[in-house]
$ cat data10.csv   # CSV, C-alpha atoms
chain,number,residue,atom,x,y,z
A,1,ASP,CA,-10.7,-105.9,40.1
A,2,GLY,CA,-9.6,-103.0,38.0
A,3,GLY,CA,-7.7,-103.3,34.8
A,4,ILE,CA,-7.7,-103.2,31.0
A,5,THR,CA,-8.9,-106.1,28.9
A,6,GLN,CA,-8.5,-107.1,25.3
A,7,SER,CA,-10.4,-109.7,23.4
A,8,PRO,CA,-9.8,-112.1,21.9
A,9,LYS,CA,-6.3,-113.1,22.6
A,10,TYR,CA,-5.8,-114.8,19.2
A,11,LEU,CA,-7.7,-113.8,16.1
A,12,PHE,CA,-7.6,-115.3,12.6
A,13,ARG,CA,-9.1,-113.6,9.6
A,14,LYS,CA,-9.1,-114.1,5.8
A,15,GLU,CA,-7.4,-111.5,3.7
A,16,GLY,CA,-9.8,-108.7,2.7
A,17,GLN,CA,-12.0,-108.9,5.8
A,18,ASN,CA,-12.4,-106.1,8.3
A,19,VAL,CA,-11.9,-107.1,11.9
A,20,THR,CA,-12.5,-105.3,15.2
A,21,LEU,CA,-10.4,-105.7,18.2
A,22,SER,CA,-11.9,-105.0,21.6
A,23,CYS,CA,-10.4,-102.9,24.4
A,24,GLU,CA,-12.1,-102.1,27.7
A,25,GLN,CA,-10.9,-100.5,30.9
A,26,ASN,CA,-12.5,-99.9,34.3
A,27,LEU,CA,-9.7,-97.7,35.6
A,28,ASN,CA,-11.6,-94.5,34.9
A,29,HIS,CA,-8.8,-93.3,32.7
A,30,ASP,CA,-9.3,-90.5,30.2
A,31,ALA,CA,-6.7,-91.5,27.7
A,32,MET,CA,-6.5,-94.7,25.6
A,33,TYR,CA,-4.0,-95.9,23.0
A,34,TRP,CA,-3.6,-98.6,20.4
A,35,TYR,CA,-0.1,-99.9,19.5
A,36,ARG,CA,1.1,-102.4,17.0
A,37,GLN,CA,4.2,-104.6,17.7
A,38,ASP,CA,6.0,-106.6,15.1
A,39,PRO,CA,8.8,-109.1,16.0
A,40,GLY,CA,12.0,-107.3,17.0
A,41,GLN,CA,10.3,-104.0,16.8
A,42,GLY,CA,9.2,-101.5,19.5
A,43,LEU,CA,5.6,-100.3,19.9
A,44,ARG,CA,4.3,-98.1,17.1
A,45,LEU,CA,1.3,-95.9,17.9
A,46,ILE,CA,-1.8,-96.4,15.7
A,47,TYR,CA,-4.4,-94.1,17.3
A,48,TYR,CA,-4.9,-92.5,20.6
A,49,SER,CA,-7.8,-90.8,22.4
A,50,GLN,CA,-7.5,-88.1,25.1
A,51,ILE,CA,-11.2,-88.0,25.9
A,52,VAL,CA,-14.5,-89.4,24.9
A,53,ASN,CA,-15.6,-88.6,21.4
A,54,ASP,CA,-12.1,-87.5,20.4
A,55,PHE,CA,-9.2,-89.3,18.9
A,56,GLN,CA,-6.0,-88.6,16.9
A,57,LYS,CA,-3.9,-90.5,14.4
A,58,GLY,CA,-0.6,-91.9,15.5
A,59,ASP,CA,2.4,-92.8,13.4
A,60,ILE,CA,0.8,-95.7,11.4
A,61,ALA,CA,-2.9,-94.9,11.2
A,62,GLU,CA,-3.4,-95.9,7.6
A,63,GLY,CA,-5.7,-98.9,7.2
A,64,TYR,CA,-7.1,-98.6,10.8
A,65,SER,CA,-10.1,-96.9,12.3
A,66,VAL,CA,-11.2,-96.3,15.9
A,67,SER,CA,-14.2,-94.9,17.9
A,68,ARG,CA,-14.5,-93.6,21.5
A,69,GLU,CA,-18.1,-93.4,22.3
A,70,LYS,CA,-17.7,-94.5,25.9
A,71,LYS,CA,-14.9,-93.7,28.3
A,72,GLU,CA,-14.4,-97.4,29.0
A,73,SER,CA,-14.1,-98.6,25.4
A,74,PHE,CA,-11.8,-97.9,22.5
A,75,PRO,CA,-12.3,-100.5,19.8
A,76,LEU,CA,-9.9,-100.8,16.8
A,77,THR,CA,-11.0,-101.9,13.4
A,78,VAL,CA,-8.3,-103.3,11.1
A,79,THR,CA,-9.6,-102.7,7.6
A,80,SER,CA,-8.9,-104.5,4.3
A,81,ALA,CA,-6.8,-101.4,3.3
A,82,GLN,CA,-4.1,-102.3,5.9
A,83,LYS,CA,-1.4,-103.9,3.7
A,84,ASN,CA,0.2,-106.1,6.4
A,85,PRO,CA,-2.2,-106.5,9.3
A,86,THR,CA,-0.6,-109.6,10.9
A,87,ALA,CA,0.9,-108.4,14.2
A,88,PHE,CA,0.5,-108.2,18.0
A,89,TYR,CA,-1.9,-105.4,18.9
A,90,LEU,CA,-1.7,-103.7,22.3
A,91,CYS,CA,-4.2,-101.4,24.0
A,92,ALA,CA,-3.2,-99.1,26.8
A,93,SER,CA,-4.8,-96.4,29.0
A,94,SER,CA,-3.5,-93.6,31.3
A,95,ILE,CA,-5.2,-91.2,33.7
A,96,ARG,CA,-4.5,-88.4,31.3
A,97,HIS,CA,-2.5,-87.8,28.2
A,98,GLY,CA,1.1,-86.9,28.7
A,99,GLY,CA,3.3,-87.5,31.8
A,100,ASP,CA,1.4,-90.5,33.1
A,101,THR,CA,2.2,-94.1,33.1
A,102,GLN,CA,0.4,-96.4,30.7
A,103,TYR,CA,-1.4,-99.6,31.7
A,104,PHE,CA,-1.4,-102.2,29.0
A,105,GLY,CA,-3.8,-104.9,28.2
A,106,PRO,CA,-2.7,-108.5,27.5
A,107,GLY,CA,-2.7,-108.0,23.7
A,108,THR,CA,-4.4,-109.5,20.7
A,109,ARG,CA,-2.4,-111.5,18.2
A,110,LEU,CA,-4.0,-111.1,14.8
A,111,THR,CA,-3.1,-113.4,11.9
A,112,VAL,CA,-4.5,-112.7,8.5
A,113,LEU,CA,-4.5,-115.8,6.2
B,1,SER,CA,14.3,-86.8,13.0
B,2,GLN,CA,13.7,-88.1,16.5
B,3,LYS,CA,15.5,-91.3,17.4
B,4,ILE,CA,15.6,-93.6,20.4
B,5,GLU,CA,18.2,-96.3,20.7
B,6,GLN,CA,18.5,-99.0,23.3
B,7,ASN,CA,22.1,-100.2,23.5
B,8,SER,CA,21.6,-103.7,22.3
B,9,GLU,CA,18.9,-106.1,21.2
B,10,ALA,CA,20.0,-108.7,23.7
B,11,LEU,CA,22.1,-108.8,26.9
B,12,ASN,CA,23.2,-111.9,28.8
B,13,ILE,CA,24.5,-111.7,32.3
B,14,GLN,CA,25.2,-114.1,35.2
B,15,GLU,CA,22.8,-114.4,38.1
B,16,GLY,CA,23.8,-112.1,41.0
B,17,LYS,CA,25.5,-109.5,38.7
B,18,THR,CA,24.2,-106.0,38.0
B,19,ALA,CA,22.5,-105.6,34.6
B,20,THR,CA,22.9,-102.2,33.0
B,21,LEU,CA,20.6,-101.2,30.0
B,22,THR,CA,21.1,-98.0,28.0
B,23,CYS,CA,18.6,-95.7,26.3
B,24,ASN,CA,19.9,-92.9,24.1
B,25,TYR,CA,17.9,-90.4,22.3
B,26,THR,CA,18.5,-87.6,19.7
B,27,ASN,CA,16.4,-84.6,18.5
B,28,TYR,CA,14.1,-84.9,21.5
B,29,SER,CA,13.5,-83.0,24.7
B,30,PRO,CA,11.6,-85.3,26.9
B,31,ALA,CA,10.0,-84.1,30.1
B,32,TYR,CA,9.8,-87.7,31.4
B,33,LEU,CA,11.4,-91.0,30.7
B,34,GLN,CA,9.7,-94.3,31.5
B,35,TRP,CA,10.9,-97.9,31.7
B,36,TYR,CA,8.7,-100.9,31.1
B,37,ARG,CA,9.1,-104.6,31.3
B,38,GLN,CA,7.6,-106.9,28.7
B,39,ASP,CA,7.4,-110.7,28.9
B,40,PRO,CA,6.9,-112.8,25.7
B,41,GLY,CA,3.3,-112.6,24.4
B,42,ARG,CA,2.2,-110.1,27.1
B,43,GLY,CA,1.7,-106.4,27.4
B,44,PRO,CA,4.4,-104.2,28.9
B,45,VAL,CA,4.3,-103.4,32.6
B,46,PHE,CA,5.4,-100.0,34.0
B,47,LEU,CA,8.4,-100.0,36.2
B,48,LEU,CA,9.8,-96.5,36.8
B,49,LEU,CA,9.3,-92.9,35.7
B,50,ILE,CA,12.0,-90.3,36.0
B,51,ARG,CA,11.5,-86.6,35.4
B,52,GLU,CA,13.8,-84.2,33.5
B,53,ASN,CA,14.9,-82.5,36.7
B,54,GLU,CA,15.7,-85.8,38.5
B,55,LYS,CA,19.1,-87.4,38.3
B,56,GLU,CA,18.2,-90.8,39.8
B,57,LYS,CA,15.3,-92.9,40.9
B,58,ARG,CA,15.3,-96.2,42.8
B,59,LYS,CA,12.7,-98.9,43.5
B,60,GLU,CA,13.9,-102.0,45.3
B,61,ARG,CA,16.6,-103.6,43.1
B,62,LEU,CA,16.0,-101.1,40.2
B,63,LYS,CA,17.8,-97.8,39.6
B,64,VAL,CA,17.3,-95.4,36.8
B,65,THR,CA,19.4,-92.4,35.9
B,66,PHE,CA,18.6,-89.6,33.5
B,67,ASP,CA,21.2,-87.3,32.0
B,68,THR,CA,19.6,-84.7,29.8
B,69,THR,CA,23.0,-83.3,28.7
B,70,LEU,CA,24.2,-86.7,27.5
B,71,LYS,CA,20.6,-87.5,26.3
B,72,GLN,CA,20.8,-90.8,28.0
B,73,SER,CA,19.1,-93.0,30.6
B,74,LEU,CA,20.7,-96.0,32.3
B,75,PHE,CA,18.5,-98.7,33.9
B,76,HIS,CA,20.2,-101.0,36.5
B,77,ILE,CA,19.0,-104.2,38.0
B,78,THR,CA,21.2,-105.2,41.0
B,79,ALA,CA,21.6,-108.8,42.2
B,80,SER,CA,19.9,-110.0,39.1
B,81,GLN,CA,17.8,-113.2,39.1
B,82,PRO,CA,16.6,-115.5,36.3
B,83,ALA,CA,13.1,-114.1,36.9
B,84,ASP,CA,14.4,-110.7,35.7
B,85,SER,CA,14.8,-112.2,32.2
B,86,ALA,CA,12.5,-110.1,29.9
B,87,THR,CA,12.5,-107.3,27.4
B,88,TYR,CA,12.9,-103.9,28.8
B,89,LEU,CA,11.6,-100.9,27.0
B,90,CYS,CA,12.3,-97.2,27.5
B,91,ALA,CA,9.8,-94.6,26.5
B,92,LEU,CA,10.1,-90.8,26.1
B,93,ASP,CA,7.4,-88.4,27.1
B,94,SER,CA,7.2,-84.7,26.2
B,95,ARG,CA,4.1,-84.0,28.3
B,96,ASN,CA,1.5,-83.4,25.6
B,97,THR,CA,2.7,-85.7,22.9
B,98,PRO,CA,2.3,-89.5,22.9
B,99,LEU,CA,5.0,-91.7,24.4
B,100,VAL,CA,7.7,-92.8,22.0
B,101,PHE,CA,9.1,-96.3,22.7
B,102,GLY,CA,12.5,-97.8,22.0
B,103,LYS,CA,12.7,-101.2,20.4
B,104,GLY,CA,13.7,-102.8,23.7
B,105,THR,CA,16.6,-104.8,25.1
B,106,ARG,CA,16.1,-108.5,25.8
B,107,LEU,CA,17.8,-109.4,29.0
B,108,SER,CA,18.7,-113.0,29.9
B,109,VAL,CA,19.9,-113.8,33.4
B,110,ILE,CA,21.7,-117.1,33.5
B,111,ALA,CA,21.8,-119.2,36.6
$ encode --input "data10.csv" --output "structure tokens"
Amino acid sequence: DGGITQSPKYLFRKEGQNVTLSCEQNLNHDAMYWYRQDPGQGLRLIYYSQIVNDFQKGDIAEGYSVSREKKESFPLTVTSAQKNPTAFYLCASSIRHGGDTQYFGPGTRLTVL
Amino acid sequence: SQKIEQNSEALNIQEGKTATLTCNYTNYSPAYLQWYRQDPGRGPVFLLLIRENEKEKRKERLKVTFDTTLKQSLFHITASQPADSATYLCALDSRNTPLVFGKGTRLSVIA
């Protein structure tokens, strides 16, 4: 059963702690993306990766870090430097970067207390 | 600067009518335009993609138009049903740059 998964669905952390959000896909897609969505807002791109061992900053990369050591996995770390980390985080993948539809995971809702 | 606007935050229509959602953009030359549906608390789901050289695309009750002169796309849902209630996002794609999403229009179909 192919798809893209994110875990956990809900995550609570104390202020000042780093937290890592998981994203896994078994679609054999080259490109993967992380977005942040706030209430009433569209999707804002945090980081994206076109291929293994490569990634680029999106529009709001400050306070976040990623890695792409495996094709299937693109974890996102929300660091203590992110000023307002409480949000809904969405991971997506596409066959290649540019001109392809994106397949989204179910999202992780992060709340920092 | 690049800007994408979806006509309204919310749109209410009666069941059976045609819903029309608008996506306008400025300072952008997209090669493709995509439409997604998002239900509350879930990830967006792809609906349709239209290329710059295509005027119209259809899929079942959905129709998308793309006018690069007006810099506008229209998304139509005919014979709308309460199950069509969701937020619809348009996204612009310039081939080698990441997708840029609009804020979405929340559609409510009232029985």
$ closest_residue --input "data10.csv" --among "B:Asn96, B:Thr69, B:Gln6, B:Thr105" --to "Ala31 in chain A" --atoms "all atoms listed in the file"
B:Asn96
$ residues_around --input "data10.csv" --residues "range 71-78 of chain B" --least-positions-apart "6" --cutoff "7 Å" --atoms "only C-alpha atoms" --output "list in words"
Lys17, Thr18, Ala19, Thr20, Leu21, Thr22, Cys23, Asn24, Tyr25, Thr26, Arg61, Leu62, Lys63, Val64 and Thr65 of chain B
$ closest_residue --input "data10.csv" --among "A:Val78, A:Ile60, A:Val52, A:Ile46" --to "Val112 in chain A" --atoms "all atoms listed in the file"
A:Val78
$ interface_residues --input "data10.csv" --of "chain B" --to "chain A" --cutoff "10 Å" --atoms "only C-alpha atoms" --output "PyMOL selection string"
chain B and resi 9+30-36+41-49+51+89-106
$ atom_distance --input "data10.csv" --atom1 "CA of Asp30 in chain A" --atom2 "CA of Tyr64 in chain A"
21.1 Å
$ atom_distance --input "data10.csv" --atom1 "CA of His29 in chain A" --atom2 "CA of Ser49 in chain A"
10.6 Å
$ closest_residue --input "data10.csv" --among "A:Lys57, A:Arg36, A:Glu15, A:Gln50" --to "Ile95 in chain A" --atoms "only C-alpha atoms"
A:Gln50
$ atom_distance --input "data10.csv" --atom1 "CA of Asp38 in chain A" --atom2 "CA of Ala87 in chain A"
5.5 Å
$ closest_residue --input "data10.csv" --among "A:Leu76, A:Ile4, A:Ile51, A:Val19" --to "Trp34 in chain A" --atoms "all atoms listed in the file"
A:Leu76
$ closest_residue --input "data10.csv" --among "B:Leu11, B:Ala111, B:Ile50, B:Ile4" --to "Tyr28 in chain B" --atoms "only C-alpha atoms"
B:Ile4
$ decode --input "data10.csv" --residues "range 39-105 of chain A" --atoms "C-alpha atoms" --output "short mmCIF file (atom, residue, chain, number, x, y, z; two decimals), in the first residue's frame"
data_model
loop_
_atom_site.label_atom_id
_atom_site.label_comp_id
_atom_site.auth_asym_id
_atom_site.auth_seq_id
_atom_site.Cartn_x
_atom_site.Cartn_y
_atom_site.Cartn_z
CA PRO A 39 -4.87 28.97 10.63
CA GLY A 40 -6.29 30.86 7.66
CA GLN A 41 -2.97 30.69 5.86
CA GLY A 42 -1.82 28.81 2.83
CA LEU A 43 1.08 26.40 2.77
CA ARG A 44 4.50 27.94 3.32
CA LEU A 45 7.56 26.02 2.17
CA ILE A 46 10.19 25.30 4.82
CA TYR A 47 12.67 23.02 3.01
CA TYR A 48 12.69 20.79 -0.03
CA SER A 49 14.90 18.08 -1.42
CA GLN A 50 15.19 17.15 -5.09
CA ILE A 51 17.37 14.11 -4.53
CA VAL A 52 19.10 12.14 -1.79
CA ASN A 53 21.82 14.03 0.11
CA ASP A 54 20.62 17.37 -1.27
CA PHE A 55 18.17 19.93 0.08
CA GLN A 56 17.36 23.63 -0.30
CA LYS A 57 15.83 26.25 1.94
CA GLY A 58 12.29 27.37 1.26
CA ASP A 59 10.66 30.63 2.22
CA ILE A 60 10.70 30.13 6.01
CA ALA A 61 13.72 27.91 6.79
CA GLU A 62 14.97 29.84 9.83
CA GLY A 63 14.77 27.73 12.98
CA TYR A 64 14.37 24.45 11.08
CA SER A 65 16.78 21.78 9.82
CA VAL A 66 16.40 18.70 7.61
CA SER A 67 18.36 15.73 6.32
CA ARG A 68 17.90 13.45 3.33
CA GLU A 69 20.12 10.43 3.89
CA LYS A 70 17.64 7.99 2.33
CA LYS A 71 15.27 8.42 -0.59
CA GLU A 72 12.33 7.33 1.54
CA SER A 73 12.90 9.63 4.51
CA PHE A 74 12.98 13.40 5.03
CA PRO A 75 12.83 14.26 8.75
CA LEU A 76 12.32 17.84 9.91
CA THR A 77 13.80 19.17 13.14
CA VAL A 78 12.14 22.17 14.74
CA THR A 79 14.83 23.82 16.81
CA SER A 80 14.58 26.10 19.81
CA ALA A 81 15.56 28.96 17.49
CA GLN A 82 12.14 28.83 15.80
CA LYS A 83 10.25 31.70 17.39
CA ASN A 84 6.70 30.44 16.88
CA PRO A 85 6.78 26.69 16.24
CA THR A 86 3.16 25.83 17.06
CA ALA A 87 1.58 24.94 13.70
CA PHE A 88 0.37 22.16 11.41
CA TYR A 89 3.29 20.61 9.51
CA LEU A 90 2.79 18.84 6.19
CA CYS A 91 5.22 16.67 4.30
CA ALA A 92 4.82 15.98 0.59
CA SER A 93 6.59 14.14 -2.20
CA SER A 94 6.58 14.19 -6.00
CA ILE A 95 8.14 12.03 -8.71
CA ARG A 96 10.53 14.86 -9.53
CA HIS A 97 10.82 18.52 -8.72
CA GLY A 98 8.78 20.85 -10.90
CA GLY A 99 5.70 20.11 -12.96
CA ASP A 100 4.54 17.13 -10.96
CA THR A 101 1.68 16.71 -8.57
CA GLN A 102 2.51 16.49 -4.91
CA TYR A 103 1.30 13.75 -2.60
CA PHE A 104 0.79 14.90 0.97
CA GLY A 105 1.02 13.09 4.25
#
